[in-house]
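Student: File coords-v7.cif below, mmCIF, C-alpha atoms and all ligand atoms:
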```cif
data_input
loop_
_atom_site.group_PDB
_atom_site.id
_atom_site.type_symbol
_atom_site.label_atom_id
_atom_site.label_comp_id
_atom_site.auth_asym_id
_atom_site.auth_seq_id
_atom_site.Cartn_x
_atom_site.Cartn_y
_atom_site.Cartn_z
ATOM 1 C CA MET A 1 25.194 -25.381 14.395
ATOM 2 C CA LYS A 2 26.267 -21.755 14.734
ATOM 3 C CA HIS A 3 23.473 -19.868 13.002
ATOM 4 C CA PHE A 4 23.586 -16.064 13.182
ATOM 5 C CA LEU A 5 19.872 -15.395 13.504
ATOM 6 C CA ASP A 6 19.738 -12.472 15.897
ATOM 7 C CA ILE A 7 21.897 -10.441 18.256
ATOM 8 C CA HIS A 8 19.947 -11.503 21.352
ATOM 9 C CA LYS A 9 20.349 -15.179 20.401
ATOM 10 C CA THR A 10 24.131 -14.921 20.128
ATOM 11 C CA ASP A 11 26.413 -15.036 23.142
ATOM 12 C CA ALA A 12 27.638 -11.555 24.150
ATOM 13 C CA ALA A 13 31.263 -12.738 24.347
ATOM 14 C CA ASP A 14 30.982 -14.122 20.810
ATOM 15 C CA LEU A 15 29.516 -10.835 19.576
ATOM 16 C CA ARG A 16 32.432 -8.959 21.124
ATOM 17 C CA ALA A 17 34.912 -11.389 19.562
ATOM 18 C CA MET A 18 33.286 -10.843 16.145
ATOM 19 C CA ILE A 19 33.603 -7.054 16.434
ATOM 20 C CA ASN A 20 37.285 -7.438 17.383
ATOM 21 C CA SER A 21 37.892 -9.858 14.522
ATOM 22 C CA ALA A 22 36.145 -7.527 12.038
ATOM 23 C CA ARG A 23 38.328 -4.638 13.181
ATOM 24 C CA ALA A 24 41.501 -6.724 12.871
ATOM 25 C CA MET A 25 40.536 -7.889 9.356
ATOM 26 C CA LYS A 26 39.766 -4.319 8.292
ATOM 27 C CA ILE A 27 43.123 -3.037 9.524
ATOM 28 C CA ALA A 28 45.031 -5.946 7.964
ATOM 29 C CA ARG A 29 43.321 -5.422 4.636
ATOM 30 C CA ASN A 30 43.812 -1.669 4.591
ATOM 31 C CA ASP A 31 47.519 -2.116 5.414
ATOM 32 C CA ARG A 32 48.050 -4.418 2.439
ATOM 33 C CA PRO A 33 49.097 -3.099 -0.999
ATOM 34 C CA LYS A 34 45.992 -2.581 -3.174
ATOM 35 C CA GLY A 35 45.115 -5.483 -5.459
ATOM 36 C CA GLU A 36 46.931 -8.120 -3.401
ATOM 37 C CA PRO A 37 44.737 -10.874 -2.000
ATOM 38 C CA ASP A 38 44.458 -11.299 1.786
ATOM 39 C CA ASP A 39 47.086 -13.569 3.357
ATOM 40 C CA VAL A 40 44.387 -15.485 5.189
ATOM 41 C CA GLN A 41 41.813 -17.234 2.999
ATOM 42 C CA PRO A 42 39.613 -18.998 5.570
ATOM 43 C CA LEU A 43 36.760 -19.639 3.133
ATOM 44 C CA ALA A 44 38.906 -21.292 0.457
ATOM 45 C CA GLY A 45 36.920 -24.140 -1.087
ATOM 46 C CA ARG A 46 33.646 -22.958 0.517
ATOM 47 C CA MET A 47 30.455 -22.008 -1.306
ATOM 48 C CA VAL A 48 28.004 -19.490 0.140
ATOM 49 C CA ALA A 49 24.391 -19.076 -1.044
ATOM 50 C CA LEU A 50 22.981 -15.559 -0.763
ATOM 51 C CA ILE A 51 19.170 -15.616 -1.060
ATOM 52 C CA PHE A 52 17.209 -12.410 -1.566
ATOM 53 C CA GLU A 53 13.436 -12.218 -1.392
ATOM 54 C CA LYS A 54 13.655 -8.410 -1.099
ATOM 55 C CA PRO A 55 15.849 -5.832 -2.859
ATOM 56 C CA SER A 56 19.342 -5.055 -1.550
ATOM 57 C CA THR A 57 22.457 -3.111 -2.458
ATOM 58 C CA ARG A 58 24.695 -3.199 0.638
ATOM 59 C CA THR A 59 23.855 -6.673 1.944
ATOM 60 C CA ARG A 60 24.170 -8.233 -1.459
ATOM 61 C CA VAL A 61 27.455 -6.611 -2.425
ATOM 62 C CA SER A 62 29.120 -6.714 0.997
ATOM 63 C CA PHE A 63 28.424 -10.425 1.520
ATOM 64 C CA ASP A 64 29.522 -11.279 -2.008
ATOM 65 C CA VAL A 65 32.740 -9.256 -1.742
ATOM 66 C CA GLY A 66 33.402 -10.493 1.804
ATOM 67 C CA VAL A 67 33.214 -14.158 0.798
ATOM 68 C CA ARG A 68 35.503 -13.568 -2.183
ATOM 69 C CA GLN A 69 38.045 -11.654 -0.070
ATOM 70 C CA MET A 70 38.194 -14.699 2.197
ATOM 71 C CA GLY A 71 38.787 -17.054 -0.736
ATOM 72 C CA GLY A 72 35.280 -18.503 -0.999
ATOM 73 C CA GLN A 73 32.700 -18.461 -3.753
ATOM 74 C CA THR A 74 29.137 -17.193 -3.808
ATOM 75 C CA MET A 75 25.903 -17.753 -5.590
ATOM 76 C CA VAL A 76 23.325 -14.982 -5.421
ATOM 77 C CA LEU A 77 19.783 -16.320 -5.669
ATOM 78 C CA SER A 78 16.570 -14.409 -6.070
ATOM 79 C CA GLY A 79 13.720 -15.959 -4.091
ATOM 80 C CA LYS A 80 11.332 -15.328 -6.986
ATOM 81 C CA GLU A 81 13.442 -17.327 -9.408
ATOM 82 C CA MET A 82 13.791 -20.287 -7.026
ATOM 83 C CA GLN A 83 11.197 -23.033 -6.596
ATOM 84 C CA LEU A 84 10.785 -21.471 -3.141
ATOM 85 C CA GLY A 85 8.646 -18.849 -4.871
ATOM 86 C CA HIS A 86 6.591 -21.568 -6.579
ATOM 87 C CA GLY A 87 5.473 -23.646 -3.627
ATOM 88 C CA GLU A 88 8.526 -25.720 -2.617
ATOM 89 C CA THR A 89 8.666 -25.688 1.156
ATOM 90 C CA ILE A 90 11.309 -23.752 3.047
ATOM 91 C CA ALA A 91 12.268 -26.942 4.882
ATOM 92 C CA ASP A 92 12.912 -28.829 1.638
ATOM 93 C CA THR A 93 14.803 -25.873 0.190
ATOM 94 C CA ALA A 94 16.993 -25.814 3.312
ATOM 95 C CA ARG A 95 17.685 -29.554 3.092
ATOM 96 C CA VAL A 96 18.586 -29.360 -0.596
ATOM 97 C CA LEU A 97 20.794 -26.272 -0.358
ATOM 98 C CA SER A 98 22.657 -27.856 2.561
ATOM 99 C CA ARG A 99 23.810 -30.611 0.194
ATOM 100 C CA TYR A 100 25.460 -28.042 -2.086
ATOM 101 C CA VAL A 101 26.693 -25.109 -0.040
ATOM 102 C CA ASP A 102 28.548 -24.477 3.222
ATOM 103 C CA LEU A 103 26.625 -21.403 4.412
ATOM 104 C CA ILE A 104 23.272 -19.759 3.649
ATOM 105 C CA MET A 105 22.482 -16.046 4.039
ATOM 106 C CA ILE A 106 18.828 -15.164 3.554
ATOM 107 C CA ARG A 107 16.948 -11.860 3.347
ATOM 108 C CA THR A 108 13.259 -12.535 3.620
ATOM 109 C CA TYR A 109 9.896 -11.205 4.784
ATOM 110 C CA GLU A 110 8.576 -13.353 7.627
ATOM 111 C CA GLU A 111 10.860 -14.235 10.513
ATOM 112 C CA ALA A 112 9.241 -17.697 10.408
ATOM 113 C CA THR A 113 10.887 -18.295 7.018
ATOM 114 C CA LEU A 114 14.341 -17.619 8.468
ATOM 115 C CA LEU A 115 13.674 -19.817 11.487
ATOM 116 C CA GLU A 116 12.355 -22.687 9.371
ATOM 117 C CA MET A 117 15.386 -22.421 7.102
ATOM 118 C CA ALA A 118 17.678 -22.606 10.142
ATOM 119 C CA GLU A 119 15.756 -25.514 11.648
ATOM 120 C CA HIS A 120 16.085 -27.677 8.561
ATOM 121 C CA ALA A 121 19.464 -26.595 7.172
ATOM 122 C CA THR A 122 22.497 -28.665 8.093
ATOM 123 C CA VAL A 123 24.781 -25.688 7.395
ATOM 124 C CA PRO A 124 24.816 -22.322 9.227
ATOM 125 C CA VAL A 125 22.166 -19.747 8.309
ATOM 126 C CA ILE A 126 22.641 -15.965 8.578
ATOM 127 C CA ASN A 127 19.804 -13.439 8.895
ATOM 128 C CA GLY A 128 20.273 -10.822 6.166
ATOM 129 C CA LEU A 129 17.111 -8.940 7.326
ATOM 130 C CA THR A 130 13.547 -9.964 8.039
ATOM 131 C CA ASN A 131 10.485 -7.841 8.736
ATOM 132 C CA ARG A 132 11.443 -8.010 12.422
ATOM 133 C CA THR A 133 15.235 -7.684 12.717
ATOM 134 C CA HIS A 134 18.488 -6.821 10.903
ATOM 135 C CA PRO A 135 21.363 -8.111 13.073
ATOM 136 C CA CYS A 136 24.208 -7.804 10.522
ATOM 137 C CA GLN A 137 23.506 -4.090 10.222
ATOM 138 C CA ILE A 138 23.856 -3.497 13.926
ATOM 139 C CA MET A 139 27.109 -5.452 14.148
ATOM 140 C CA ALA A 140 28.482 -2.969 11.597
ATOM 141 C CA ASP A 141 26.969 -0.069 13.543
ATOM 142 C CA VAL A 142 28.549 -1.108 16.854
ATOM 143 C CA MET A 143 31.884 -1.526 15.068
ATOM 144 C CA THR A 144 31.511 1.919 13.472
ATOM 145 C CA TYR A 145 30.623 3.644 16.739
ATOM 146 C CA GLU A 146 33.620 2.109 18.494
ATOM 147 C CA GLU A 147 36.029 3.012 15.683
ATOM 148 C CA HIS A 148 35.091 6.661 16.086
ATOM 149 C CA ARG A 149 34.386 7.030 19.789
ATOM 150 C CA GLY A 150 35.644 3.977 21.712
ATOM 151 C CA PRO A 151 33.528 1.524 23.728
ATOM 152 C CA ILE A 152 29.775 1.801 23.156
ATOM 153 C CA ALA A 153 29.043 0.388 26.639
ATOM 154 C CA GLY A 154 27.394 3.021 28.808
ATOM 155 C CA ARG A 155 26.640 5.330 25.855
ATOM 156 C CA GLN A 156 23.303 6.911 25.050
ATOM 157 C CA VAL A 157 21.784 5.901 21.687
ATOM 158 C CA VAL A 158 18.677 7.698 20.429
ATOM 159 C CA TRP A 159 16.481 6.246 17.690
ATOM 160 C CA ALA A 160 14.193 8.752 15.930
ATOM 161 C CA GLY A 161 11.276 7.639 13.742
ATOM 162 C CA ASP A 162 9.789 4.220 13.048
ATOM 163 C CA GLY A 163 10.463 1.465 15.604
ATOM 164 C CA ASN A 164 11.231 -1.008 12.809
ATOM 165 C CA ASN A 165 13.449 -4.071 12.204
ATOM 166 C CA VAL A 166 16.705 -2.091 12.463
ATOM 167 C CA CYS A 167 15.495 -0.446 15.692
ATOM 168 C CA ALA A 168 14.692 -3.911 17.061
ATOM 169 C CA SER A 169 18.230 -5.157 16.470
ATOM 170 C CA PHE A 170 19.570 -1.969 18.088
ATOM 171 C CA LEU A 171 17.567 -2.850 21.212
ATOM 172 C CA HIS A 172 19.032 -6.351 21.181
ATOM 173 C CA ALA A 173 22.493 -4.798 20.897
ATOM 174 C CA ALA A 174 21.748 -2.383 23.768
ATOM 175 C CA GLY A 175 21.252 -5.435 25.974
ATOM 176 C CA GLN A 176 24.251 -7.362 24.671
ATOM 177 C CA PHE A 177 26.771 -4.496 24.451
ATOM 178 C CA GLY A 178 25.489 -2.581 27.493
ATOM 179 C CA PHE A 179 24.316 0.808 26.203
ATOM 180 C CA ASP A 180 21.180 2.852 26.928
ATOM 181 C CA PHE A 181 18.496 3.451 24.339
ATOM 182 C CA THR A 182 15.845 6.111 23.815
ATOM 183 C CA PHE A 183 13.115 5.760 21.221
ATOM 184 C CA THR A 184 11.481 8.922 19.982
ATOM 185 C CA GLY A 185 8.539 8.585 17.621
ATOM 186 C CA PRO A 186 4.767 8.196 17.659
ATOM 187 C CA GLU A 187 3.274 5.709 20.103
ATOM 188 C CA THR A 188 1.806 3.612 17.274
ATOM 189 C CA LEU A 189 5.285 3.060 15.803
ATOM 190 C CA GLU A 190 7.098 2.130 19.009
ATOM 191 C CA PRO A 191 9.247 -1.018 18.926
ATOM 192 C CA GLU A 192 7.609 -4.226 20.183
ATOM 193 C CA ASP A 193 7.605 -4.786 23.954
ATOM 194 C CA LYS A 194 9.592 -7.973 23.433
ATOM 195 C CA PHE A 195 12.605 -6.061 22.070
ATOM 196 C CA VAL A 196 12.396 -3.407 24.775
ATOM 197 C CA GLY A 197 12.003 -6.116 27.420
ATOM 198 C CA PHE A 198 15.159 -7.880 26.254
ATOM 199 C CA ALA A 199 17.281 -4.732 26.596
ATOM 200 C CA ARG A 200 15.790 -3.840 29.985
ATOM 201 C CA GLY A 201 16.242 -7.404 31.190
ATOM 202 C CA LYS A 202 19.958 -7.088 30.479
ATOM 203 C CA GLY A 203 20.153 -3.862 32.496
ATOM 204 C CA SER A 204 19.919 -1.206 29.757
ATOM 205 C CA ARG A 205 17.940 1.923 30.467
ATOM 206 C CA VAL A 206 15.291 2.139 27.723
ATOM 207 C CA VAL A 207 13.113 5.239 27.452
ATOM 208 C CA MET A 208 10.161 6.070 25.187
ATOM 209 C CA GLU A 209 10.138 9.864 24.686
ATOM 210 C CA ARG A 210 7.517 11.546 22.521
ATOM 211 C CA ASP A 211 9.400 14.866 22.340
ATOM 212 C CA PRO A 212 12.329 14.530 19.893
ATOM 213 C CA LEU A 213 14.252 17.518 21.252
ATOM 214 C CA ARG A 214 14.077 16.176 24.789
ATOM 215 C CA ALA A 215 14.983 12.679 23.548
ATOM 216 C CA VAL A 216 18.296 13.685 21.985
ATOM 217 C CA GLN A 217 19.591 15.637 25.019
ATOM 218 C CA GLY A 218 22.833 13.940 25.993
ATOM 219 C CA ALA A 219 22.801 11.585 22.972
ATOM 220 C CA ASP A 220 26.130 10.062 21.933
ATOM 221 C CA LEU A 221 24.570 8.614 18.805
ATOM 222 C CA VAL A 222 21.429 9.571 16.866
ATOM 223 C CA VAL A 223 20.031 6.961 14.490
ATOM 224 C CA THR A 224 17.155 6.879 12.053
ATOM 225 C CA ASP A 225 15.918 4.773 9.154
ATOM 226 C CA THR A 226 13.403 5.001 6.347
ATOM 227 C CA TRP A 227 9.868 5.879 7.399
ATOM 228 C CA VAL A 228 8.445 3.115 5.210
ATOM 229 C CA SER A 229 10.209 -0.253 5.174
ATOM 230 C CA MET A 230 10.178 -2.789 2.337
ATOM 231 C CA HIS A 231 7.553 -4.901 4.081
ATOM 232 C CA ASP A 232 5.245 -1.967 4.885
ATOM 233 C CA PRO A 233 2.226 -1.510 2.612
ATOM 234 C CA GLU A 234 2.463 1.337 0.085
ATOM 235 C CA SER A 235 -0.803 2.621 1.585
ATOM 236 C CA ALA A 236 1.074 3.403 4.832
ATOM 237 C CA LYS A 237 3.236 5.977 3.085
ATOM 238 C CA GLU A 238 1.210 9.162 3.416
ATOM 239 C CA ARG A 239 0.134 8.471 7.006
ATOM 240 C CA ARG A 240 3.708 7.608 8.003
ATOM 241 C CA HIS A 241 5.034 10.840 6.528
ATOM 242 C CA ASN A 242 2.475 12.861 8.478
ATOM 243 C CA GLN A 243 3.154 10.973 11.700
ATOM 244 C CA LEU A 244 6.933 10.989 11.400
ATOM 245 C CA SER A 245 7.804 14.415 10.009
ATOM 246 C CA PRO A 246 8.303 15.869 13.558
ATOM 247 C CA TYR A 247 11.010 13.200 14.026
ATOM 248 C CA GLN A 248 13.125 14.159 11.007
ATOM 249 C CA VAL A 249 16.831 14.260 11.892
ATOM 250 C CA ASN A 250 17.971 17.747 10.907
ATOM 251 C CA ASP A 251 20.519 20.280 12.119
ATOM 252 C CA ALA A 252 18.092 21.667 14.710
ATOM 253 C CA LEU A 253 17.658 18.205 16.248
ATOM 254 C CA MET A 254 21.381 17.361 16.129
ATOM 255 C CA ALA A 255 22.129 20.665 17.892
ATOM 256 C CA HIS A 256 20.394 19.244 20.988
ATOM 257 C CA ALA A 257 22.576 16.098 21.066
ATOM 258 C CA LYS A 258 26.109 16.073 22.528
ATOM 259 C CA PRO A 259 28.479 18.228 20.417
ATOM 260 C CA ASP A 260 30.459 15.132 19.393
ATOM 261 C CA ALA A 261 27.383 12.947 18.756
ATOM 262 C CA LEU A 262 27.504 10.674 15.730
ATOM 263 C CA PHE A 263 24.686 10.217 13.230
ATOM 264 C CA MET A 264 23.932 6.816 11.688
ATOM 265 C CA HIS A 265 21.507 5.460 9.083
ATOM 266 C CA CYS A 266 21.646 1.916 7.716
ATOM 267 C CA LEU A 267 20.815 3.259 4.220
ATOM 268 C CA PRO A 268 19.147 3.475 1.777
ATOM 269 C CA ALA A 269 18.173 6.971 2.963
ATOM 270 C CA HIS A 270 15.324 9.072 1.703
ATOM 271 C CA ARG A 271 17.057 12.401 1.815
ATOM 272 C CA ASN A 272 14.974 15.202 3.270
ATOM 273 C CA ASP A 273 12.371 12.782 4.649
ATOM 274 C CA GLU A 274 13.787 11.005 7.705
ATOM 275 C CA VAL A 275 17.101 12.913 7.508
ATOM 276 C CA THR A 276 18.197 16.086 5.793
ATOM 277 C CA SER A 277 21.064 16.107 3.325
ATOM 278 C CA ALA A 278 22.798 18.604 5.623
ATOM 279 C CA VAL A 279 22.976 15.944 8.374
ATOM 280 C CA MET A 280 23.720 13.030 6.015
ATOM 281 C CA ASP A 281 26.675 14.918 4.542
ATOM 282 C CA GLY A 282 27.535 16.855 7.714
ATOM 283 C CA PRO A 283 30.228 16.460 10.382
ATOM 284 C CA HIS A 284 28.235 14.094 12.664
ATOM 285 C CA SER A 285 27.493 11.574 9.917
ATOM 286 C CA VAL A 286 29.317 8.240 9.644
ATOM 287 C CA VAL A 287 26.827 6.595 7.289
ATOM 288 C CA PHE A 288 29.353 5.525 4.661
ATOM 289 C CA ASP A 289 31.688 4.064 7.313
ATOM 290 C CA GLU A 290 28.669 2.051 8.468
ATOM 291 C CA ALA A 291 28.117 0.826 4.924
ATOM 292 C CA GLU A 292 31.796 -0.149 4.580
ATOM 293 C CA ASN A 293 31.770 -1.918 7.915
ATOM 294 C CA ARG A 294 28.980 -4.226 6.770
ATOM 295 C CA LEU A 295 31.741 -5.928 4.773
ATOM 296 C CA HIS A 296 34.173 -6.357 7.662
ATOM 297 C CA ALA A 297 31.554 -7.235 10.288
ATOM 298 C CA GLN A 298 29.913 -9.875 8.097
ATOM 299 C CA LYS A 299 33.286 -11.457 7.304
ATOM 300 C CA ALA A 300 33.658 -11.929 11.062
ATOM 301 C CA VAL A 301 30.114 -13.298 11.337
ATOM 302 C CA MET A 302 30.748 -15.834 8.555
ATOM 303 C CA ARG A 303 34.026 -16.971 10.119
ATOM 304 C CA TRP A 304 32.275 -17.415 13.463
ATOM 305 C CA CYS A 305 29.496 -19.457 11.816
ATOM 306 C CA LEU A 306 31.968 -21.728 10.084
ATOM 307 C CA GLY A 307 34.503 -21.826 12.922
ATOM 308 C CA VAL A 308 37.340 -20.831 10.561
HETATM 309 N N1 LIG B 401 21.365 -1.431 4.982
HETATM 310 C C1 LIG B 401 21.050 -2.432 4.160
HETATM 311 O O1 LIG B 401 20.793 -3.573 4.566
HETATM 312 O O2 LIG B 401 21.036 -2.071 2.837
HETATM 313 P P1 LIG B 401 20.518 -2.935 1.614
HETATM 314 O O3 LIG B 401 19.019 -3.006 1.698
HETATM 315 O O4 LIG B 401 20.975 -2.169 0.413
HETATM 316 O O5 LIG B 401 21.111 -4.307 1.687
HETATM 317 N N1 LIG B 402 13.919 -0.844 7.625
HETATM 318 C C1 LIG B 402 14.403 -1.013 6.280
HETATM 319 C C2 LIG B 402 15.842 -1.404 6.294
HETATM 320 C C3 LIG B 402 16.475 -1.556 4.949
HETATM 321 C C4 LIG B 402 17.909 -1.972 5.006
HETATM 322 C C5 LIG B 402 13.566 -2.038 5.553
HETATM 323 O O1 LIG B 402 13.265 -3.087 6.127
HETATM 324 O O2 LIG B 402 13.180 -1.760 4.411
#
```
Kindly present the structure from the file in structure tokens form.
Ligand code: CP
Ligand code: NVA
Tutor:
Amino acid sequence: MKHFLDIHKTDAADLRAMINSARAMKIARNDRPKGEPDDVQPLAGRMVALIFEKPSTRTRVSFDVGVRQMGGQTMVLSGKEMQLGHGETIADTARVLSRYVDLIMIRTYEEATLLEMAEHATVPVINGLTNRTHPCQIMADVMTYEEHRGPIAGRQVVWAGDGNNVCASFLHAAGQFGFDFTFTGPETLEPEDKFVGFARGKGSRVVMERDPLRAVQGADLVVTDTWVSMHDPESAKERRHNQLSPYQVNDALMAHAKPDALFMHCLPAHRNDEVTSAVMDGPHSVVFDEAENRLHAQKAVMRWCLGV
């Protein structure tokens, strides 16, 4: 079963093939007259379940549109409205859904929920974000970097802020795609050793740098994300803002990166918290290309899962 659970669990050659396939699909689609369906409809006759236990704009819409562009059909399910939210086990839910649909994408809280779903499903399962990782996002981010600047291998990526789920998947990608990674943020919000260890084990240079200005020296790509994630308690908000304000991505910080450095954010952004509007809307920013590329990258992920 080809589940797409995490970047470090997927073969590096397969990841590369997915990025290439996403790029080819994007070009083919953009070359086609508007309104005409794609020539290739690899998901014709297939049904995809999209389960959300947390809010979403990009993941929800990009998966739904991606399946339809490939000729398949979707059903968007809210975890709360399913029996899953009323005590039915994840294992039983996985077994039942597998009798109806060809592919399951789930956005959930605990990683254990995703893993249990994958263990008991007899169709592929895709990780649409957990508290720990967000692999689909980083596939789109690698694709976006390479569209603008060529191969990401050997580049210097700097993450500023909270070492969260998106940061974790970036570390997995550092190992799999061969780039170096610097984290700049408070010690208490550093990414888990396990994620850092994976990247280092694959030969990436990973640095923890408390000083944000020093961290971004020589950066090819500066990335940040919200200071408070969906799974973080509301009570963390004030403390996080105090701890993280020195790590805001603003023009002064970007001025210390390479002149042609890109800026990325998975979105949704909290403008003027983790990033200023000047950077979000400025010349380094590729945030809306990233959002678009969720669509193309996930189409490639789904095709890989289904072998079509
Ligand atoms: N970046 C991302 O996953 O966005 P959504 O939460 O809107 O899906
Ligand atoms: N770190 C964020 C990402 C949202 C796409 C969260 O988990 O809320």
Student: To test your reading of the syntax: which residues would the PyMOL selection byres (((chain A and resi 38-53) around 8) and not hetatm) return for the file shown? Reply as a VMD selection string.
Tutor: chain A and resid 29 32 36 to 37 54 to 56 60 63 to 64 67 69 to 80 100 to 109 303 308
Student: Can you give me, as a list in words, the residues this file yields under the PyMOL selection byres (((chain A and resi 6) around 9) and not hetatm)?
Tutor: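 Applied to this file, the PyMOL selection byres (((chain A and resi 6) around 9) and not hetatm) returns His3, Phe4, Leu5, Ile7, His8, Lys9, Thr10, Ile126, Asn127, Thr133, His134, Pro135, Cys136, Ser169 and His172 of chain A.
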Student: Could those selected residues go to a file with C-alpha atoms, as a compact mmCIF listing (two decimals), in the coordinates of the input?
Tutor:
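New file part31.txt:
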```txt
# COMPACT_ATOMS: atom_id res chain seq x y z
CA HIS A 3 23.47 -19.87 13.00
CA PHE A 4 23.59 -16.06 13.18
CA LEU A 5 19.87 -15.40 13.50
CA ILE A 7 21.90 -10.44 18.26
CA HIS A 8 19.95 -11.50 21.35
CA LYS A 9 20.35 -15.18 20.40
CA THR A 10 24.13 -14.92 20.13
CA ILE A 126 22.64 -15.96 8.58
CA ASN A 127 19.80 -13.44 8.90
CA THR A 133 15.24 -7.68 12.72
CA HIS A 134 18.49 -6.82 10.90
CA PRO A 135 21.36 -8.11 13.07
CA CYS A 136 24.21 -7.80 10.52
CA SER A 169 18.23 -5.16 16.47
CA HIS A 172 19.03 -6.35 21.18
```
Student: Counting all atoms listed in the file, what residues are within 7 Å of ligand LIG 402 (chain B), given as a count of residues only?
Tutor: 13
Student: Hey, what comes out of the PyMOL selection byres (((chain A and resi 287) around 8) and not hetatm) on this file? Could you write it as a ChimeraX atom specification?
Tutor: /A:263-267,280,285-286,288-291
Student: Can you tell me how far CA of Glu238 (chain A) sits from CA of Thr184 (chain A), in Å to one decimal?
Tutor: 19.5 Å
Student: Starting from the sparse input, extend region 57-69 of chain A to N, CA and C atoms and give the output as a PDB file, keeping the file's coordinate frame.
Tutor:
```pdb
ATOM      1  N   THR A  57      21.187  -3.555  -1.860  1.00  0.00           N
ATOM      2  CA  THR A  57      22.457  -3.111  -2.458  1.00  0.00           C
ATOM      3  C   THR A  57      23.605  -3.515  -1.530  1.00  0.00           C
ATOM      4  N   ARG A  58      23.595  -2.973  -0.293  1.00  0.00           N
ATOM      5  CA  ARG A  58      24.695  -3.199   0.638  1.00  0.00           C
ATOM      6  C   ARG A  58      24.851  -4.665   1.047  1.00  0.00           C
ATOM      7  N   THR A  59      23.755  -5.299   1.435  1.00  0.00           N
ATOM      8  CA  THR A  59      23.855  -6.673   1.944  1.00  0.00           C
ATOM      9  C   THR A  59      24.359  -7.595   0.837  1.00  0.00           C
ATOM     10  N   ARG A  60      23.800  -7.393  -0.329  1.00  0.00           N
ATOM     11  CA  ARG A  60      24.170  -8.233  -1.459  1.00  0.00           C
ATOM     12  C   ARG A  60      25.648  -8.075  -1.809  1.00  0.00           C
ATOM     13  N   VAL A  61      26.075  -6.838  -1.973  1.00  0.00           N
ATOM     14  CA  VAL A  61      27.455  -6.611  -2.425  1.00  0.00           C
ATOM     15  C   VAL A  61      28.458  -6.913  -1.313  1.00  0.00           C
ATOM     16  N   SER A  62      28.137  -6.515  -0.081  1.00  0.00           N
ATOM     17  CA  SER A  62      29.120  -6.714   0.997  1.00  0.00           C
ATOM     18  C   SER A  62      29.307  -8.192   1.319  1.00  0.00           C
ATOM     19  N   PHE A  63      28.242  -8.979   1.300  1.00  0.00           N
ATOM     20  CA  PHE A  63      28.424 -10.425   1.520  1.00  0.00           C
ATOM     21  C   PHE A  63      29.213 -11.045   0.377  1.00  0.00           C
ATOM     22  N   ASP A  64      28.864 -10.689  -0.846  1.00  0.00           N
ATOM     23  CA  ASP A  64      29.522 -11.279  -2.008  1.00  0.00           C
ATOM     24  C   ASP A  64      31.023 -10.947  -1.990  1.00  0.00           C
ATOM     25  N   VAL A  65      31.332  -9.676  -1.771  1.00  0.00           N
ATOM     26  CA  VAL A  65      32.740  -9.256  -1.742  1.00  0.00           C
ATOM     27  C   VAL A  65      33.463  -9.893  -0.552  1.00  0.00           C
ATOM     28  N   GLY A  66      32.785  -9.937   0.599  1.00  0.00           N
ATOM     29  CA  GLY A  66      33.402 -10.493   1.804  1.00  0.00           C
ATOM     30  C   GLY A  66      33.794 -11.949   1.620  1.00  0.00           C
ATOM     31  N   VAL A  67      32.910 -12.738   1.034  1.00  0.00           N
ATOM     32  CA  VAL A  67      33.214 -14.158   0.798  1.00  0.00           C
ATOM     33  C   VAL A  67      34.409 -14.275  -0.139  1.00  0.00           C
ATOM     34  N   ARG A  68      34.402 -13.484  -1.210  1.00  0.00           N
ATOM     35  CA  ARG A  68      35.503 -13.568  -2.183  1.00  0.00           C
ATOM     36  C   ARG A  68      36.830 -13.132  -1.565  1.00  0.00           C
ATOM     37  N   GLN A  69      36.793 -12.087  -0.727  1.00  0.00           N
ATOM     38  CA  GLN A  69      38.045 -11.654  -0.070  1.00  0.00           C
ATOM     39  C   GLN A  69      38.606 -12.774   0.797  1.00  0.00           C
TER      40      GLN A  69
END
```
